[in-house]
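Chemist: Handing you a structure now.
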Amino acid sequence: GVEAWEATNLLCVARVLVAAAQRREETRGCHWREDHPDREDEAWRRHLVVRLQPDRSLAVSTTDTAEFPPTLP
């Protein structure tokens, strides 16, 4: 039913957020890291692209620039 779809969607969003947080080693916006409390614009001012693979794993990559819309690798 609807509840199962909502739970599945929430789990998918949670997985993407955790994968992005693991990849980005800096503090930015609401993503705060105790081990890296400062922003690192030179290294991290770009977008993260997260894709769901056929085996249900997540592939995380970064774009080359901070342009919007993002430039895909």
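Numbering starts fresh at 1 for the residues of each chain in the structure tokens, the chains themselves are lettered A, B, ... in the order given, and ligands are numbered from 1 as they appear.
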Report as number ranges by chain: the residues of range 7-65 of chain A with a DSSP assignment of alpha helix (DSSP H), based on the backbone of this structure.
Modeler: A: 7-23, 41-44
Chemist: Within 12 Å of range 1-16 of chain A, counting only C-alpha atoms, which residues qualify if same-chain residues fewer than 5 places away don't, as a list in words?
Modeler: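 Counting only C-alpha atoms, the residues come to Ala21, Gln22, Arg23, Leu48, Val49, Val50, Arg51, Leu52, Arg56, Ser57, Leu58, Ala59 and Val60 of chain A.
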Chemist: Could you tell me how far CA of Thr63 in chain A sits from CA of Arg46 in chain A, in Å to one decimal place?
Modeler: 5.8 Å
Chemist: How far is it from CA of Pro37 in chain A to CA of Ser61 in chain A, in Å with one decimal?
Modeler: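 Pair CA of Pro37 in chain A / CA of Ser61 in chain A returns 22.3 Å.
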Chemist: Report as a ChimeraX atom specification all protein, DNA and RNA residues lying within 7 Å of Thr27 in chain A, evaluated on only C-alpha atoms, omitting residues in the same chain fewer than 5 positions from it.
Modeler: /A:32-33,36-39
Chemist: Can you measure CA of Arg28 in chain A to CA of Gln53 in chain A for me? One decimal in Å is fine.
Modeler: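 One can read the CA of Arg28 in chain A to CA of Gln53 in chain A distance as 26.6 Å.
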Chemist: For the structure I just gave you, how does DSSP split chain A - specifically, which residues are strand (DSSP E)? Reply as an MDAnalysis selection string.
Modeler: chainID A and resid 48:52 58:62
Chemist: Filtering to N, CA, C and O atoms, could you give me those residues as a PDB file, in the first residue's frame?
Modeler:
ATOM      1  N   LEU A  48      27.539  16.659  -5.894  1.00  0.00           N
ATOM      2  CA  LEU A  48      27.644  15.205  -5.821  1.00  0.00           C
ATOM      3  C   LEU A  48      26.513  14.622  -6.651  1.00  0.00           C
ATOM      4  O   LEU A  48      25.380  15.083  -6.584  1.00  0.00           O
ATOM      5  N   VAL A  49      26.831  13.618  -7.436  1.00  0.00           N
ATOM      6  CA  VAL A  49      25.837  12.924  -8.250  1.00  0.00           C
ATOM      7  C   VAL A  49      25.735  11.507  -7.708  1.00  0.00           C
ATOM      8  O   VAL A  49      26.744  10.795  -7.638  1.00  0.00           O
ATOM      9  N   VAL A  50      24.532  11.113  -7.309  1.00  0.00           N
ATOM     10  CA  VAL A  50      24.317   9.778  -6.765  1.00  0.00           C
ATOM     11  C   VAL A  50      23.383   9.033  -7.708  1.00  0.00           C
ATOM     12  O   VAL A  50      22.308   9.526  -8.041  1.00  0.00           O
ATOM     13  N   ARG A  51      23.827   7.852  -8.132  1.00  0.00           N
ATOM     14  CA  ARG A  51      23.023   7.033  -9.047  1.00  0.00           C
ATOM     15  C   ARG A  51      22.753   5.674  -8.412  1.00  0.00           C
ATOM     16  O   ARG A  51      23.651   5.073  -7.812  1.00  0.00           O
ATOM     17  N   LEU A  52      21.529   5.196  -8.596  1.00  0.00           N
ATOM     18  CA  LEU A  52      21.162   3.863  -8.145  1.00  0.00           C
ATOM     19  C   LEU A  52      21.542   2.874  -9.246  1.00  0.00           C
ATOM     20  O   LEU A  52      21.064   2.982 -10.377  1.00  0.00           O
ATOM     21  N   LEU A  58      24.687   2.192  -4.596  1.00  0.00           N
ATOM     22  CA  LEU A  58      24.746   3.595  -4.981  1.00  0.00           C
ATOM     23  C   LEU A  58      26.134   3.929  -5.509  1.00  0.00           C
ATOM     24  O   LEU A  58      27.142   3.544  -4.923  1.00  0.00           O
ATOM     25  N   ALA A  59      26.191   4.637  -6.626  1.00  0.00           N
ATOM     26  CA  ALA A  59      27.443   5.137  -7.185  1.00  0.00           C
ATOM     27  C   ALA A  59      27.469   6.643  -6.961  1.00  0.00           C
ATOM     28  O   ALA A  59      26.560   7.350  -7.388  1.00  0.00           O
ATOM     29  N   VAL A  60      28.490   7.133  -6.263  1.00  0.00           N
ATOM     30  CA  VAL A  60      28.605   8.553  -5.941  1.00  0.00           C
ATOM     31  C   VAL A  60      29.802   9.125  -6.687  1.00  0.00           C
ATOM     32  O   VAL A  60      30.904   8.585  -6.616  1.00  0.00           O
ATOM     33  N   SER A  61      29.586  10.226  -7.407  1.00  0.00           N
ATOM     34  CA  SER A  61      30.673  10.910  -8.105  1.00  0.00           C
ATOM     35  C   SER A  61      30.491  12.409  -7.924  1.00  0.00           C
ATOM     36  O   SER A  61      29.456  12.874  -7.458  1.00  0.00           O
ATOM     37  N   THR A  62      31.528  13.162  -8.278  1.00  0.00           N
ATOM     38  CA  THR A  62      31.440  14.619  -8.184  1.00  0.00           C
ATOM     39  C   THR A  62      31.492  15.218  -9.583  1.00  0.00           C
ATOM     40  O   THR A  62      32.039  14.618 -10.511  1.00  0.00           O
TER      41      THR A  62
END
